[in-house]
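Engineer: Sharing run_24.cif below, mmCIF, C-alpha atoms:
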data_work
loop_
_atom_site.group_PDB
_atom_site.id
_atom_site.type_symbol
_atom_site.label_atom_id
_atom_site.label_comp_id
_atom_site.auth_asym_id
_atom_site.auth_seq_id
_atom_site.Cartn_x
_atom_site.Cartn_y
_atom_site.Cartn_z
ATOM 1 C CA MET A 1 -4.442 -20.681 -16.051
ATOM 2 C CA ALA A 2 -6.841 -23.114 -14.363
ATOM 3 C CA ASP A 3 -8.664 -25.547 -16.679
ATOM 4 C CA SER A 4 -11.975 -23.870 -15.841
ATOM 5 C CA ASN A 5 -10.723 -20.500 -17.088
ATOM 6 C CA ARG A 6 -9.272 -22.057 -20.232
ATOM 7 C CA GLU A 7 -12.540 -23.821 -20.943
ATOM 8 C CA LYS A 8 -14.474 -20.601 -20.339
ATOM 9 C CA ILE A 9 -12.443 -18.521 -22.773
ATOM 10 C CA ILE A 10 -12.769 -21.211 -25.451
ATOM 11 C CA ALA A 11 -16.504 -21.530 -24.830
ATOM 12 C CA ASP A 12 -17.041 -17.747 -24.950
ATOM 13 C CA LEU A 13 -15.114 -17.400 -28.197
ATOM 14 C CA GLN A 14 -16.850 -20.381 -29.775
ATOM 15 C CA LYS A 15 -20.220 -18.915 -28.851
ATOM 16 C CA VAL A 16 -19.632 -15.540 -30.502
ATOM 17 C CA LYS A 17 -18.030 -17.310 -33.456
ATOM 18 C CA GLU A 18 -21.118 -19.424 -33.990
ATOM 19 C CA GLU A 19 -23.304 -16.344 -33.624
ATOM 20 C CA GLY A 20 -21.289 -14.565 -36.292
ATOM 21 C CA GLN A 21 -20.197 -11.897 -33.792
ATOM 22 C CA LEU A 22 -16.489 -12.720 -33.689
ATOM 23 C CA ARG A 23 -15.008 -9.238 -34.017
ATOM 24 C CA SER A 24 -11.695 -7.859 -32.768
ATOM 25 C CA GLN A 25 -13.335 -5.824 -30.003
ATOM 26 C CA ARG A 26 -15.279 -8.838 -28.765
ATOM 27 C CA ILE A 27 -12.137 -10.991 -28.776
ATOM 28 C CA ARG A 28 -10.330 -8.336 -26.791
ATOM 29 C CA GLU A 29 -13.121 -8.144 -24.220
ATOM 30 C CA ILE A 30 -13.293 -11.918 -23.753
ATOM 31 C CA VAL A 31 -9.529 -12.311 -23.312
ATOM 32 C CA GLN A 32 -9.320 -9.256 -21.052
ATOM 33 C CA SER A 33 -12.101 -10.509 -18.776
ATOM 34 C CA SER A 34 -10.615 -13.991 -18.528
ATOM 35 C CA VAL A 35 -7.068 -12.809 -17.783
ATOM 36 C CA GLU A 36 -8.258 -10.184 -15.301
ATOM 37 C CA GLN A 37 -10.214 -12.736 -13.305
ATOM 38 C CA ALA A 38 -7.367 -15.259 -13.295
ATOM 39 C CA VAL A 39 -4.696 -12.691 -12.325
ATOM 40 C CA SER A 40 -6.792 -11.210 -9.517
ATOM 41 C CA GLU A 41 -7.097 -14.667 -7.971
ATOM 42 C CA LEU A 42 -3.371 -15.403 -8.117
ATOM 43 C CA LYS A 43 -1.335 -15.340 -4.926
ATOM 44 C CA GLU A 44 1.950 -16.059 -6.679
ATOM 45 C CA GLY A 45 4.248 -13.849 -8.712
ATOM 46 C CA GLN A 46 5.414 -12.907 -12.176
ATOM 47 C CA LYS A 47 5.943 -16.416 -13.539
ATOM 48 C CA GLU A 48 2.372 -17.411 -12.746
ATOM 49 C CA ILE A 49 0.991 -14.281 -14.433
ATOM 50 C CA ARG A 50 3.017 -15.041 -17.547
ATOM 51 C CA SER A 51 1.619 -18.546 -17.512
ATOM 52 C CA VAL A 52 -1.917 -17.155 -17.341
ATOM 53 C CA VAL A 53 -1.303 -14.943 -20.381
ATOM 54 C CA LYS A 54 0.381 -17.753 -22.317
ATOM 55 C CA ASP A 55 -2.464 -20.190 -21.671
ATOM 56 C CA SER A 56 -5.053 -17.522 -22.413
ATOM 57 C CA LEU A 57 -3.540 -16.693 -25.792
ATOM 58 C CA GLY A 58 -3.097 -20.387 -26.516
ATOM 59 C CA ALA A 59 -6.795 -20.987 -25.902
ATOM 60 C CA THR A 60 -7.647 -18.031 -28.133
ATOM 61 C CA LEU A 61 -5.483 -19.288 -31.012
ATOM 62 C CA GLU A 62 -7.099 -22.701 -30.702
ATOM 63 C CA VAL A 63 -10.420 -21.101 -31.649
ATOM 64 C CA LEU A 64 -9.098 -18.564 -34.157
ATOM 65 C CA GLN A 65 -6.604 -20.644 -36.122
ATOM 66 C CA ASP A 66 -8.932 -21.027 -39.118
ATOM 67 C CA ARG A 67 -9.708 -17.306 -39.431
ATOM 68 C CA GLY A 68 -7.393 -16.805 -42.399
ATOM 69 C CA GLY A 69 -6.629 -13.206 -43.296
ATOM 70 C CA GLU A 70 -8.442 -11.851 -40.239
ATOM 71 C CA ILE A 71 -6.214 -13.667 -37.773
ATOM 72 C CA LYS A 72 -3.621 -10.866 -37.567
ATOM 73 C CA ASP A 73 -6.152 -8.372 -36.248
ATOM 74 C CA ASP A 74 -7.651 -11.053 -34.008
ATOM 75 C CA ILE A 75 -4.278 -11.844 -32.446
ATOM 76 C CA SER A 76 -3.540 -8.135 -31.908
ATOM 77 C CA ALA A 77 -6.898 -7.767 -30.178
ATOM 78 C CA ALA A 78 -6.245 -10.831 -28.012
ATOM 79 C CA ILE A 79 -2.823 -9.530 -26.947
ATOM 80 C CA ALA A 80 -4.253 -6.090 -26.134
ATOM 81 C CA GLY A 81 -6.953 -7.791 -24.077
ATOM 82 C CA ALA A 82 -4.382 -9.899 -22.220
ATOM 83 C CA VAL A 83 -2.275 -6.839 -21.338
ATOM 84 C CA GLU A 84 -5.326 -4.943 -20.141
ATOM 85 C CA GLY A 85 -6.455 -7.982 -18.168
ATOM 86 C CA VAL A 86 -3.118 -8.229 -16.349
ATOM 87 C CA SER A 87 -3.248 -4.516 -15.504
ATOM 88 C CA ARG A 88 -6.833 -4.608 -14.272
ATOM 89 C CA GLY A 89 -6.323 -7.851 -12.378
ATOM 90 C CA LYS A 90 -3.333 -6.468 -10.495
ATOM 91 C CA ARG A 91 -5.144 -3.190 -9.869
ATOM 92 C CA ARG A 92 -8.000 -5.117 -8.298
ATOM 93 C CA ALA A 93 -5.603 -7.050 -6.070
ATOM 94 C CA ILE A 94 -3.759 -3.852 -5.110
ATOM 95 C CA ALA A 95 -7.048 -2.121 -4.328
ATOM 96 C CA GLU A 96 -7.856 -4.923 -1.901
ATOM 97 C CA THR A 97 -4.409 -4.617 -0.320
ATOM 98 C CA SER A 98 -4.810 -0.845 -0.046
ATOM 99 C CA SER A 99 -8.169 -1.341 1.651
ATOM 100 C CA GLN A 100 -6.576 -3.724 4.143
ATOM 101 C CA ILE A 101 -3.843 -1.175 4.873
ATOM 102 C CA GLN A 102 -6.474 1.482 5.505
ATOM 103 C CA GLN A 103 -8.267 -0.878 7.887
ATOM 104 C CA LEU A 104 -4.958 -1.450 9.657
ATOM 105 C CA GLN A 105 -4.461 2.300 9.975
ATOM 106 C CA ASN A 106 -7.946 2.706 11.412
ATOM 107 C CA GLN A 107 -7.358 -0.128 13.867
ATOM 108 C CA LEU A 108 -4.017 1.389 14.855
ATOM 109 C CA GLU A 109 -5.644 4.729 15.571
ATOM 110 C CA VAL A 110 -8.392 3.142 17.658
ATOM 111 C CA GLU A 111 -5.951 1.043 19.696
ATOM 112 C CA GLU A 112 -3.571 3.952 20.248
ATOM 113 C CA ALA A 113 -6.462 6.102 21.434
ATOM 114 C CA GLU A 114 -7.664 3.340 23.755
ATOM 115 C CA VAL A 115 -4.227 2.914 25.314
ATOM 116 C CA SER A 116 -3.876 6.669 25.827
ATOM 117 C CA GLN A 117 -7.335 6.866 27.386
ATOM 118 C CA GLU A 118 -6.610 3.939 29.690
ATOM 119 C CA ILE A 119 -3.340 5.466 30.879
ATOM 120 C CA ASP A 120 -4.928 8.877 31.365
ATOM 121 C CA GLY A 121 -7.842 7.261 33.212
ATOM 122 C CA VAL A 122 -5.566 5.349 35.567
ATOM 123 C CA LEU A 123 -3.491 8.445 36.315
ATOM 124 C CA GLU A 124 -6.625 10.518 36.880
ATOM 125 C CA ASP A 125 -7.949 7.925 39.324
ATOM 126 C CA ILE A 126 -4.660 8.005 41.179
ATOM 127 C CA GLU A 127 -4.759 11.769 41.403
ATOM 128 C CA GLN A 128 -8.361 11.709 42.627
ATOM 129 C CA THR A 129 -7.440 9.456 45.533
ATOM 130 C CA SER A 130 -5.306 12.238 46.987
ATOM 131 C CA GLN A 131 -7.977 14.956 46.976
ATOM 132 C CA ASP A 132 -8.864 14.444 50.645
ATOM 133 C CA ARG A 133 -5.241 14.273 51.691
ATOM 134 C CA PRO A 134 -3.026 17.050 53.052
ATOM 135 C CA GLU A 135 -1.800 19.587 50.492
ATOM 136 C CA GLN A 136 1.719 18.224 50.622
ATOM 137 C CA VAL A 137 0.466 14.747 49.707
ATOM 138 C CA LYS A 138 -1.690 16.099 46.877
ATOM 139 C CA GLU A 139 1.268 17.973 45.437
ATOM 140 C CA ALA A 140 3.463 14.890 45.654
ATOM 141 C CA VAL A 141 0.847 12.750 43.907
ATOM 142 C CA ALA A 142 0.272 15.388 41.218
ATOM 143 C CA SER A 143 4.010 15.592 40.619
ATOM 144 C CA ALA A 144 4.292 11.810 40.370
ATOM 145 C CA VAL A 145 1.363 11.648 37.944
ATOM 146 C CA GLN A 146 2.953 14.300 35.713
ATOM 147 C CA THR A 147 6.231 12.385 35.813
ATOM 148 C CA ALA A 148 4.372 9.268 34.673
ATOM 149 C CA LYS A 149 2.753 11.186 31.806
ATOM 150 C CA ASP A 150 6.191 12.398 30.734
ATOM 151 C CA SER A 151 7.771 8.995 31.250
ATOM 152 C CA GLU A 152 9.950 7.215 28.697
ATOM 153 C CA GLU A 153 7.370 4.437 28.342
ATOM 154 C CA VAL A 154 4.601 6.816 27.260
ATOM 155 C CA ALA A 155 6.974 8.680 24.941
ATOM 156 C CA LEU A 156 8.140 5.383 23.429
ATOM 157 C CA MET A 157 4.563 4.322 22.803
ATOM 158 C CA GLN A 158 3.802 7.604 21.064
ATOM 159 C CA LYS A 159 6.994 7.427 19.004
ATOM 160 C CA ARG A 160 6.318 3.859 17.894
ATOM 161 C CA TYR A 161 2.814 4.847 16.855
ATOM 162 C CA ALA A 162 4.240 7.710 14.773
ATOM 163 C CA GLN A 163 6.741 5.325 13.167
ATOM 164 C CA LEU A 164 3.994 2.928 12.131
ATOM 165 C CA LYS A 165 1.916 5.772 10.726
ATOM 166 C CA THR A 166 4.921 6.985 8.730
ATOM 167 C CA GLN A 167 5.524 3.527 7.278
ATOM 168 C CA LEU A 168 1.868 3.037 6.397
ATOM 169 C CA SER A 169 1.735 6.434 4.689
ATOM 170 C CA VAL A 170 4.833 5.643 2.608
ATOM 171 C CA LEU A 171 3.365 2.276 1.681
ATOM 172 C CA GLN A 172 0.137 3.938 0.578
ATOM 173 C CA ALA A 173 2.165 6.403 -1.501
ATOM 174 C CA ASN A 174 3.910 3.499 -3.238
ATOM 175 C CA LEU A 175 0.595 1.835 -4.053
ATOM 176 C CA ALA A 176 -0.895 5.080 -5.319
ATOM 177 C CA SER A 177 2.120 5.790 -7.542
ATOM 178 C CA ARG A 178 2.032 2.355 -9.137
ATOM 179 C CA TYR A 179 -1.693 1.960 -9.602
ATOM 180 C CA GLY A 180 -3.172 5.438 -9.297
ATOM 181 C CA GLU A 181 -4.343 7.610 -12.122
ATOM 182 C CA ASN A 182 -2.149 10.669 -11.504
ATOM 183 C CA PHE A 183 0.644 12.153 -9.410
ATOM 184 C CA GLU A 184 -1.767 14.166 -7.278
ATOM 185 C CA GLY A 185 -3.076 10.944 -5.751
ATOM 186 C CA VAL A 186 0.375 10.337 -4.237
ATOM 187 C CA LYS A 187 0.935 13.755 -2.692
ATOM 188 C CA PRO A 188 -1.426 13.440 0.332
ATOM 189 C CA TYR A 189 0.335 10.268 1.462
ATOM 190 C CA ILE A 190 3.778 11.887 1.212
ATOM 191 C CA ASP A 191 2.546 14.924 3.143
ATOM 192 C CA GLU A 192 1.131 12.609 5.795
ATOM 193 C CA ALA A 193 4.369 10.622 5.914
ATOM 194 C CA LYS A 194 6.376 13.831 6.432
ATOM 195 C CA ALA A 195 4.113 14.948 9.265
ATOM 196 C CA TRP A 196 4.296 11.629 11.097
ATOM 197 C CA TYR A 197 8.019 11.312 10.477
ATOM 198 C CA GLU A 198 8.588 14.582 12.303
ATOM 199 C CA LYS A 199 6.791 13.120 15.322
ATOM 200 C CA ALA A 200 8.748 9.878 15.067
ATOM 201 C CA LYS A 201 12.229 11.403 14.845
ATOM 202 C CA GLU A 202 14.827 10.587 17.463
ATOM 203 C CA ASP A 203 16.472 13.227 19.623
ATOM 204 C CA PRO A 204 19.491 14.282 17.488
ATOM 205 C CA GLU A 205 21.738 14.258 20.553
ATOM 206 C CA GLY A 206 20.735 10.694 21.402
ATOM 207 C CA THR A 207 21.551 9.008 18.089
ATOM 208 C CA ASN A 208 24.768 7.523 16.793
ATOM 209 C CA GLU A 209 26.236 8.308 13.374
ATOM 210 C CA LYS A 210 24.787 5.173 11.743
ATOM 211 C CA VAL A 211 21.235 6.074 12.777
ATOM 212 C CA ALA A 212 21.844 9.711 11.897
ATOM 213 C CA GLN A 213 22.865 8.689 8.370
ATOM 214 C CA LYS A 214 19.705 6.610 7.984
ATOM 215 C CA ARG A 215 17.680 9.618 9.112
ATOM 216 C CA ARG A 216 19.396 11.782 6.503
ATOM 217 C CA ASP A 217 18.589 9.176 3.850
ATOM 218 C CA VAL A 218 14.904 9.200 4.781
ATOM 219 C CA GLU A 219 14.741 12.994 4.829
ATOM 220 C CA GLN A 220 16.505 13.184 1.456
ATOM 221 C CA LYS A 221 14.090 10.683 -0.108
ATOM 222 C CA LEU A 222 11.078 12.479 1.354
ATOM 223 C CA GLY A 223 12.327 15.672 -0.250
ATOM 224 C CA GLU A 224 13.032 13.970 -3.579
ATOM 225 C CA ALA A 225 9.595 12.371 -3.599
ATOM 226 C CA GLY A 226 7.897 15.702 -2.974
ATOM 227 C CA SER A 227 9.870 17.385 -5.765
ATOM 228 C CA ALA A 228 9.256 14.543 -8.237
ATOM 229 C CA ILE A 229 5.511 14.646 -7.547
ATOM 230 C CA ALA A 230 5.385 18.429 -7.930
ATOM 231 C CA GLN A 231 7.211 18.225 -11.266
ATOM 232 C CA LYS A 232 5.280 15.136 -12.406
ATOM 233 C CA GLU A 233 8.503 13.218 -13.026
ATOM 234 C CA GLN A 234 8.375 9.527 -13.827
ATOM 235 C CA LYS A 235 11.174 8.797 -11.355
ATOM 236 C CA VAL A 236 8.681 9.161 -8.506
ATOM 237 C CA LYS A 237 8.082 5.381 -8.453
ATOM 238 C CA ARG A 238 11.794 4.685 -8.022
ATOM 239 C CA VAL A 239 12.179 7.345 -5.324
ATOM 240 C CA LEU A 240 9.173 6.055 -3.380
ATOM 241 C CA LYS A 241 10.514 2.512 -3.516
ATOM 242 C CA GLU A 242 13.841 3.727 -2.138
ATOM 243 C CA LEU A 243 11.999 5.769 0.516
ATOM 244 C CA TRP A 244 10.115 2.677 1.668
ATOM 245 C CA HIS A 245 13.379 0.763 2.123
ATOM 246 C CA SER A 246 15.012 3.702 3.933
ATOM 247 C CA VAL A 247 12.085 4.200 6.322
ATOM 248 C CA THR A 248 11.829 0.483 7.081
ATOM 249 C CA GLU A 249 15.556 0.217 7.720
ATOM 250 C CA LEU A 250 15.582 3.283 9.991
ATOM 251 C CA PHE A 251 12.687 2.193 12.184
ATOM 252 C CA GLN A 252 14.032 -1.345 12.523
ATOM 253 C CA SER A 253 17.483 -0.165 13.592
#
Take the structure in this file and express it as structure tokens.
Structural biologist:
Amino acid sequence: MADSNREKIIADLQKVKEEGQLRSQRIREIVQSSVEQAVSELKEGQKEIRSVVKDSLGATLEVLQDRGGEIKDDISAAIAGAVEGVSRGKRRAIAETSSQIQQLQNQLEVEEAEVSQEIDGVLEDIEQTSQDRPEQVKEAVASAVQTAKDSEEVALMQKRYAQLKTQLSVLQANLASRYGENFEGVKPYIDEAKAWYEKAKEDPEGTNEKVAQKRRDVEQKLGEAGSAIAQKEQKVKRVLKELWHSVTELFQS
């Protein structure tokens, strides 16, 4: 915990102590607020969070050590506040990450639409240039334009877009399962992931056995996730984590 946060928690506790308002609930609120703020600002991992909690409780004990028989309840309140602070702090950080992912999805949709519009516009312009030409030329141009629309490059672009949408949906499902309030908040993301996965799938005849196995893994995990959500099973977090790894591995192969 930064010195400023340590000083703040000591100052807040000292203030309510001097005012005669040092109650368990107030202690809990002060510790919770301090830990939440510190955790939400952290960019590091588990060790740093543990350090925040340790320093926070140390600062609390520094103020409460002369409380005598009341100290047991005070310490319990401080610990409860620290746990709640860690949870809320991480939820705040995850909410920001989730918002960034949503922005990325929106940007992806805009850019994909722009590329499609640009390609369609170019092909339309090409086709228009043949309108005053002999019928044979117009037919040849129209055929070439259709071939371009059905080309491997356009299909690859559309498939890659579907892959990214699948991955983003699975990532959102993971975030919702870890920090959401209920299982129902996860279901829309899994449904979306399934829909985009269907659009992203390879031609079965054009894949080797290694890729085919990865596809089966993804499809199995999608099914398991849907069943776990429907039955409100706690294993949904584990399944979603495995699904994320399977999807990432498949689309990077």
Engineer: Step by step, work through what the PyMOL selection byres ((chain A and resi 217) around 12) selects in the shown file, and finish by giving those residues as a PDB file with C-alpha atoms, in the coordinates of the input.
Structural biologist:
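In the end it all went to expr_7.pdb:
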ATOM      1  CA  LYS A 210      24.787   5.173  11.743  1.00  0.00           C
ATOM      2  CA  VAL A 211      21.235   6.074  12.777  1.00  0.00           C
ATOM      3  CA  ALA A 212      21.844   9.711  11.897  1.00  0.00           C
ATOM      4  CA  GLN A 213      22.865   8.689   8.370  1.00  0.00           C
ATOM      5  CA  LYS A 214      19.705   6.610   7.984  1.00  0.00           C
ATOM      6  CA  ARG A 215      17.680   9.618   9.112  1.00  0.00           C
ATOM      7  CA  ARG A 216      19.396  11.782   6.503  1.00  0.00           C
ATOM      8  CA  VAL A 218      14.904   9.200   4.781  1.00  0.00           C
ATOM      9  CA  GLU A 219      14.741  12.994   4.829  1.00  0.00           C
ATOM     10  CA  GLN A 220      16.505  13.184   1.456  1.00  0.00           C
ATOM     11  CA  LYS A 221      14.090  10.683  -0.108  1.00  0.00           C
ATOM     12  CA  LEU A 222      11.078  12.479   1.354  1.00  0.00           C
ATOM     13  CA  GLY A 223      12.327  15.672  -0.250  1.00  0.00           C
ATOM     14  CA  GLU A 224      13.032  13.970  -3.579  1.00  0.00           C
ATOM     15  CA  VAL A 239      12.179   7.345  -5.324  1.00  0.00           C
ATOM     16  CA  GLU A 242      13.841   3.727  -2.138  1.00  0.00           C
ATOM     17  CA  LEU A 243      11.999   5.769   0.516  1.00  0.00           C
ATOM     18  CA  TRP A 244      10.115   2.677   1.668  1.00  0.00           C
ATOM     19  CA  HIS A 245      13.379   0.763   2.123  1.00  0.00           C
ATOM     20  CA  SER A 246      15.012   3.702   3.933  1.00  0.00           C
ATOM     21  CA  VAL A 247      12.085   4.200   6.322  1.00  0.00           C
ATOM     22  CA  THR A 248      11.829   0.483   7.081  1.00  0.00           C
ATOM     23  CA  GLU A 249      15.556   0.217   7.720  1.00  0.00           C
ATOM     24  CA  LEU A 250      15.582   3.283   9.991  1.00  0.00           C
TER      25      LEU A 250
END
Engineer: Please, what distance in Å, to one decimal, runs between atom CA of A:Ile126 and atom CA of A:Gln146?
Structural biologist: 11.3 Å
Engineer: Which residues fall under the PyMOL selection byres ((chain A and resi 165) around 9) in this file, as an mmCIF file with C-alpha atoms, keeping the file's coordinate frame?
Structural biologist:
data_model
loop_
_atom_site.group_PDB
_atom_site.id
_atom_site.type_symbol
_atom_site.label_atom_id
_atom_site.label_comp_id
_atom_site.auth_asym_id
_atom_site.auth_seq_id
_atom_site.Cartn_x
_atom_site.Cartn_y
_atom_site.Cartn_z
ATOM 1 C CA GLN A 105 -4.461 2.300 9.975
ATOM 2 C CA LEU A 108 -4.017 1.389 14.855
ATOM 3 C CA ARG A 160 6.318 3.859 17.894
ATOM 4 C CA TYR A 161 2.814 4.847 16.855
ATOM 5 C CA ALA A 162 4.240 7.710 14.773
ATOM 6 C CA GLN A 163 6.741 5.325 13.167
ATOM 7 C CA LEU A 164 3.994 2.928 12.131
ATOM 8 C CA THR A 166 4.921 6.985 8.730
ATOM 9 C CA GLN A 167 5.524 3.527 7.278
ATOM 10 C CA LEU A 168 1.868 3.037 6.397
ATOM 11 C CA SER A 169 1.735 6.434 4.689
ATOM 12 C CA VAL A 170 4.833 5.643 2.608
ATOM 13 C CA GLU A 192 1.131 12.609 5.795
ATOM 14 C CA ALA A 193 4.369 10.622 5.914
ATOM 15 C CA TRP A 196 4.296 11.629 11.097
ATOM 16 C CA TYR A 197 8.019 11.312 10.477
#
Engineer: Please provide the set of residues having any atom within 12 Å of A:Val145, restricted to all atoms listed in the file, with same-chain residues fewer than 3 positions apart removed, written as a list in words.
Structural biologist: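 Listing them by chain and then by number gives Ile119, Asp120, Gly121, Val122, Leu123, Glu124, Asp125, Ile126, Glu127, Gln128, Thr129, Ser130, Lys138, Glu139, Ala140, Val141, Ala142, Ala148, Lys149, Asp150 and Ser151 of chain A.
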Engineer: Using all atoms listed in the file, which of the listed residues (A:Ile10, A:Ala144, A:Ala77, A:Ile71) sits closest to A:Gly58?
Structural biologist: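 Using all atoms listed in the file, A:Gly58 sits closest to A:Ile10.
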Engineer: Atom CA of A:Ile49 and atom CA of A:Arg26 are how many Å apart?
Structural biologist: 22.4 Å
Engineer: Using Å and a single decimal, report how far atom CA of A:Asp191 sits from atom CA of A:Met157.
Structural biologist: 22.4 Å
Engineer: Which of these, A:Thr147, A:Thr60, A:Gln252, A:Gln172, has the shortest distance to A:Gln32 once you count only C-alpha atoms?
Structural biologist: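 Among the listed residues, A:Thr60 lies closest to A:Gln32.
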Engineer: When distances are computed from all atoms listed in the file, which of A:Arg133, A:Lys187, A:Lys241, A:Lys72 shows the smallest separation from A:Ser24?
Structural biologist: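 Ranked by minimum distance to A:Ser24, first place goes to A:Lys72.
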Engineer: Using the chain letters and numbering of this document, enumerate as a VMD selection string the residues selected by the PyMOL selection byres ((chain A and resi 74) around 12).
Structural biologist: chain A and resid 13 22 to 31 57 60 to 61 63 to 73 75 to 81
Engineer: With all atoms listed in the file as the basis for distance, which of A:Ala59, A:Ala225, A:Val110, A:Val83 is at the shortest distance from A:Asn5?
Structural biologist: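 When distances to A:Asn5 are compared using all atoms listed in the file, the smallest one comes from A:Ala59.
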Engineer: Smallest atom-to-atom distance to A:Gln158: which of A:Glu112, A:Glu198, A:Glu118, A:Glu184, using only C-alpha atoms?
Structural biologist: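 Smallest distance to A:Gln158 is found for A:Glu112.
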